[in-house]
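Just below is one structure, and these are the notes that go with it.
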Amino acid sequence: MASAELRDELNCSICLSLYTDPVSLRCGHFFCRSCIVSALDAQEAAGVYSCPDCRAQYPERPALEKNRKLRNIVERFSSTQPEMEETRIFCTFCTKSPVPAVKSCLHCETSMCEEHLAAHNKSVNHNLIEPTVSFMDRKCSTHMEVLKYYCPRDNACICVSCWVAGAHKGHDVELLDVVSEKKKQELRPDIERLKFKNEDAKKRIQNLKDHGAEQEKKSSGLADKVSDLFTDLRKKLDDLEERIQGEISRQKDQVSLSVSDLVGQVELHMKEVSKKINSLEGLCNISDPLSFLQNVNTGDISAGGCDVIGDVRDAPCVDEGLVSQILHKGILKFVDDLIDMKMKRQFSVMEKSDILLDIDTAHNKIIISQDLRSASHTSTSQNRPDGPKRFKCRQVLSSRSFSSGRHYWEVDVTQASSWMVGVAGESLERKVNDKISYIGYNEKSWAIIFSKNLFASHNNIHKLLVSDSPVRVVGVYLDYEAGRLSVYQLCDAITHLHTFTASFSEPLYAALHIYDNCVIKIIK
């Protein structure tokens with residue numbers, strides 16, 4: 001009963017429930033903040049405020065003071081009374097203060113705390129259940145007696161009177177606890193199966209999380225490798241540029257020095273010519289004929305030695321051919337270095353696989369080009385002999401199959417208004433002219449299909465794809481061991497369209513389905 005007495009001390013006198021955000025007046029009494037605020041609001045019209053407990057009056061609206069310690073005590077008390085707070089089922093006999101019930105009596109239709117239950121059990125032997133307020137749910141609505149039996153014929157819970165003299169008279173019945181245990185036994189295999197599914201779901205979630213973490217780590221490592229590769233590329237390009245710019249600078253300095261020397265020679269020549277001009281002009285200024293002739297005869301009046309020297313034709317030029325040669329050789333070496341660097345950074349050099357079409361698989365209304373790389377539709381049968389490899393529907397496979405490794409090829413679909421491009425297993429049905437043998441419509445093949453809309457198709461399940469521009473060239477990348485078939489759209493930039501995942505178990509072939517007025521080419 002100590003719990004009940006403590007609860008009395010922690011109850012607000014206005015709402016009779018545990019304090020919520022307790023505050024106090026100057027008189028020392030505590031209330032829930034919302035309760036006392038409402039009470040003071042109601043008193044405001046009278047202009048006189050008073051404590052709801054002691055009636056102490058205040059000429060002005062009293063200030064409310066928080067009591068954090070009391071609030072903490074209430075919270076701790078609430079946390080130790082989970083049953084009371086969750087079920088809200090209290091002892092019927094504890095009238096002074098609510099105490100949580102531990103059992104309910106179906107006969108008495110009462111709920112009891114531990115103390116009252118002990119007294120009840122000493123006097124009677126009634127049917128006790130977990131605390132409840134719904135006694136009528138456990139009694140027969142016809143006879144108002146406790147439901148004790150189960151009638152399998154009518155799938156109903158019944159009382160003694162129902163079985164002895166009521167609607168279930170003469171029926172085979174069982175005790176509720178016996179039937180309940182049987183039903184539980186029947187449910188246990190289902191529970192185990194559900195638990196197994198739940199564990200399987202947990203494993204799948206963990207696998208997905210592990211995969212996500214692995215891919216995140218992989219993407220981080222890949223980003224680092226790409227960064228390192230481009231750092232190396234930039235360094236090599238910078239070195240090449242520095243070497244070429246150095247050569248240009250060397251030639252510029254050489255030309256500049258040579259031009260300066262020639263300019264110096266020409267300027268010196270100009271001084272000598274100017275000196276001779278002045279000498280001759282001085283002779284011409286002599287008015288006495290005898291003196292003039294005497295000076296002319298003794299002076300050098302010839303123009304010899306005045307020939308022009310240091311012409312621009314003597315000046316060297318920047319050798320653009322040499323610069324171009326250095327650039328050309330440097331770029332060729334850079335290309336070789338690029339392949340080495342990709343290998344060093346563990347980027348596989350993905351060269352195109354040599355894909356040729358197998359004319360022995362081609363439908364008779366498909367024309368195969370002479371280089372075995374192009375397939376087109378014709379309305380005229382080619383009258384090729386039938387064989388085990390030839391399709392009855394308008395399809396053709398590559399002559400080369402793939403049962404391991406990584407392979408890449410490109411397909412030009414610019415001359416096809418509708419098309420199917422993909423791969424097919426060796427065991428794909430070939431002797432039926434029906435969709436079940438079309439690539440993408442069965443479990444033996446995978447395809448990207450365009451017919452008004454773009455789809456990724458496998459086993460007759462079609463996933464709509466979205467592309468920002470018309471697909472002109474399709475890139476196909478097969479990683480056999482990893483079980484991945486990726487398809488890309490090739491234009492100015494490479495765009496990923498879809499990746500199929502599967503466990504490949506037989507050789508795979510490149511496959512094309514040819515529509516009317518359609519031409520599809522394997523790009524060399």
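Ligands are numbered from 1 in the order shown, chains are lettered A, B, ... in the order of the structure tokens, and residues start at 1 in each chain.
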
>> When you look at Gly47 of chain A with a cut-off of 10 Å (counting only C-alpha atoms), what residues show up, excluding the ones that are within fewer than 5 positions of it in the same chain? I need them as a list of chain:residue names.
In response: A:Leu40, A:Ala42, A:Tyr58, A:Pro59, A:Glu60, A:Arg61

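A straight line drawn from atom CA of Phe391 of chain A to atom CA of Asp360 of chain A is 8.9 Å long.
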
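Distances to Leu322 of chain A were evaluated for A:Asn364, A:Gln251, A:Ser141, A:Gln370 using only C-alpha atoms, and the minimum falls at A:Gln251.
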
>> I need the residues in segment 337-475 of chain A that are strand (DSSP E or B) according to DSSP; give them as a ChimeraX atom specification.
In response: /A:357,366-368,374-377,395-402,406-412,419-425,445-451,453-458,461-465,473-475

>> If you run DSSP on the backbone here, which positions in segment 3-49 of chain A get helix (DSSP H, G or I)? Please write them as a VMD selection string.
In response: chain A and resid 3 to 9 33 to 46

With C-alpha atoms retained, export the selected residues as an mmCIF file, in the first residue's frame.
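Contents of the output file result17.cif:
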data_model
loop_
_atom_site.group_PDB
_atom_site.id
_atom_site.type_symbol
_atom_site.label_atom_id
_atom_site.label_comp_id
_atom_site.auth_asym_id
_atom_site.auth_seq_id
_atom_site.Cartn_x
_atom_site.Cartn_y
_atom_site.Cartn_z
ATOM 1 C CA SER A 3 2.857 2.735 -3.488
ATOM 2 C CA ALA A 4 -0.726 3.981 -3.195
ATOM 3 C CA GLU A 5 0.184 6.370 -0.362
ATOM 4 C CA LEU A 6 3.108 7.760 -2.361
ATOM 5 C CA ARG A 7 0.853 8.210 -5.351
ATOM 6 C CA ASP A 8 -1.593 10.232 -3.209
ATOM 7 C CA GLU A 9 1.249 12.621 -2.422
ATOM 8 C CA ARG A 33 0.933 24.026 -14.476
ATOM 9 C CA SER A 34 -2.020 23.692 -16.875
ATOM 10 C CA CYS A 35 -4.446 23.004 -13.995
ATOM 11 C CA ILE A 36 -3.514 26.062 -11.897
ATOM 12 C CA VAL A 37 -3.327 28.318 -14.966
ATOM 13 C CA SER A 38 -6.912 27.320 -15.861
ATOM 14 C CA ALA A 39 -8.038 27.922 -12.274
ATOM 15 C CA LEU A 40 -6.435 31.363 -12.119
ATOM 16 C CA ASP A 41 -7.925 32.260 -15.517
ATOM 17 C CA ALA A 42 -11.394 31.433 -14.141
ATOM 18 C CA GLN A 43 -10.753 33.678 -11.081
ATOM 19 C CA GLU A 44 -9.537 36.586 -13.165
ATOM 20 C CA ALA A 45 -13.034 38.005 -13.780
ATOM 21 C CA ALA A 46 -13.621 38.361 -10.001
#

> Which neighbours of Glu174 of chain A fall inside 10 Å, counting only C-alpha atoms, when residues of the same chain fewer than 4 positions from it are skipped, and could you give them as an MDAnalysis selection string?
Replying inline: chainID A and resid 148:152 157:158 178:180

At a cut-off of 6 Å, using only C-alpha atoms, what residues contact segment 489-502 of chain A? Leave out same-chain residues fewer than 5 positions from it and give the result as a compact mmCIF listing (two decimals) with C-alpha atoms, in the first residue's frame.
# COMPACT_ATOMS: atom_id res chain seq x y z
CA VAL A 473 24.77 3.10 -81.00
CA VAL A 474 24.53 0.41 -78.31
CA GLY A 483 27.18 -12.76 -64.17
CA ARG A 484 26.71 -9.20 -65.42

> Rounded to one decimal in Å, what is the spacing between atom CA of Ser503 of chain A and atom CA of Asn459 of chain A?
Replying inline: 14.0 Å

>> Excluding His513 of chain A and its own-chain neighbours fewer than 4 positions away, which residues fall within 10 Å of it when counting only C-alpha atoms? Please give them as a ChimeraX atom specification.
In response: /A:362-363,366,375-377,393-397,418-422,438-439,447,449,518,520

Only C-alpha atoms, please: the residues just picked out, written as a PDB file, in the first residue's frame.
ATOM      1  CA  ALA A 362      20.196 -16.408 -89.833  1.00  0.00           C
ATOM      2  CA  HIS A 363      16.498 -16.600 -90.707  1.00  0.00           C
ATOM      3  CA  ILE A 366      17.673 -11.841 -93.250  1.00  0.00           C
ATOM      4  CA  ALA A 375      22.031  -7.858 -90.980  1.00  0.00           C
ATOM      5  CA  SER A 376      19.010  -6.489 -92.846  1.00  0.00           C
ATOM      6  CA  HIS A 377      15.454  -7.550 -93.558  1.00  0.00           C
ATOM      7  CA  CYS A 393      12.025 -16.325 -86.384  1.00  0.00           C
ATOM      8  CA  ARG A 394      13.935 -13.339 -87.763  1.00  0.00           C
ATOM      9  CA  GLN A 395      17.040 -13.581 -85.638  1.00  0.00           C
ATOM     10  CA  VAL A 396      20.758 -14.170 -86.081  1.00  0.00           C
ATOM     11  CA  LEU A 397      23.582 -15.012 -83.663  1.00  0.00           C
ATOM     12  CA  SER A 418      12.588  -0.832 -84.145  1.00  0.00           C
ATOM     13  CA  TRP A 419      15.272  -3.241 -82.933  1.00  0.00           C
ATOM     14  CA  MET A 420      16.373  -5.903 -80.456  1.00  0.00           C
ATOM     15  CA  VAL A 421      20.005  -6.249 -79.373  1.00  0.00           C
ATOM     16  CA  GLY A 422      21.277  -8.670 -76.739  1.00  0.00           C
ATOM     17  CA  TYR A 438      12.572 -14.020 -79.301  1.00  0.00           C
ATOM     18  CA  ILE A 439      15.583 -12.662 -77.414  1.00  0.00           C
ATOM     19  CA  ALA A 447      17.882  -7.976 -74.685  1.00  0.00           C
ATOM     20  CA  ILE A 449      14.303  -3.670 -77.133  1.00  0.00           C
ATOM     21  CA  CYS A 518      15.621  -2.815 -90.500  1.00  0.00           C
ATOM     22  CA  ILE A 520      21.660  -3.460 -87.814  1.00  0.00           C
TER      23      ILE A 520
END

> Which neighbours of segment 426-433 of chain A fall inside 7 Å, counting only C-alpha atoms, when residues of the same chain fewer than 5 positions from it are skipped, and could you give them as a PyMOL selection string?
Replying inline: chain A and resi 390-393+444+506-508

>> Would you pick out the contacts of segment 101-104 of chain A at 6 Å or less, using only C-alpha atoms, so that residues sharing its chain but fewer than 3 positions from it are not included, and give the list as a list in words?
In response: Ile89, Phe90, Cys91, Thr110, Ser111, Met112, Cys113, Leu128, Ile129, Glu130 and Pro131 of chain A

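Of note, atom CA of Arg26 of chain A and atom CA of Glu75 of chain A are spaced 23.8 Å apart.
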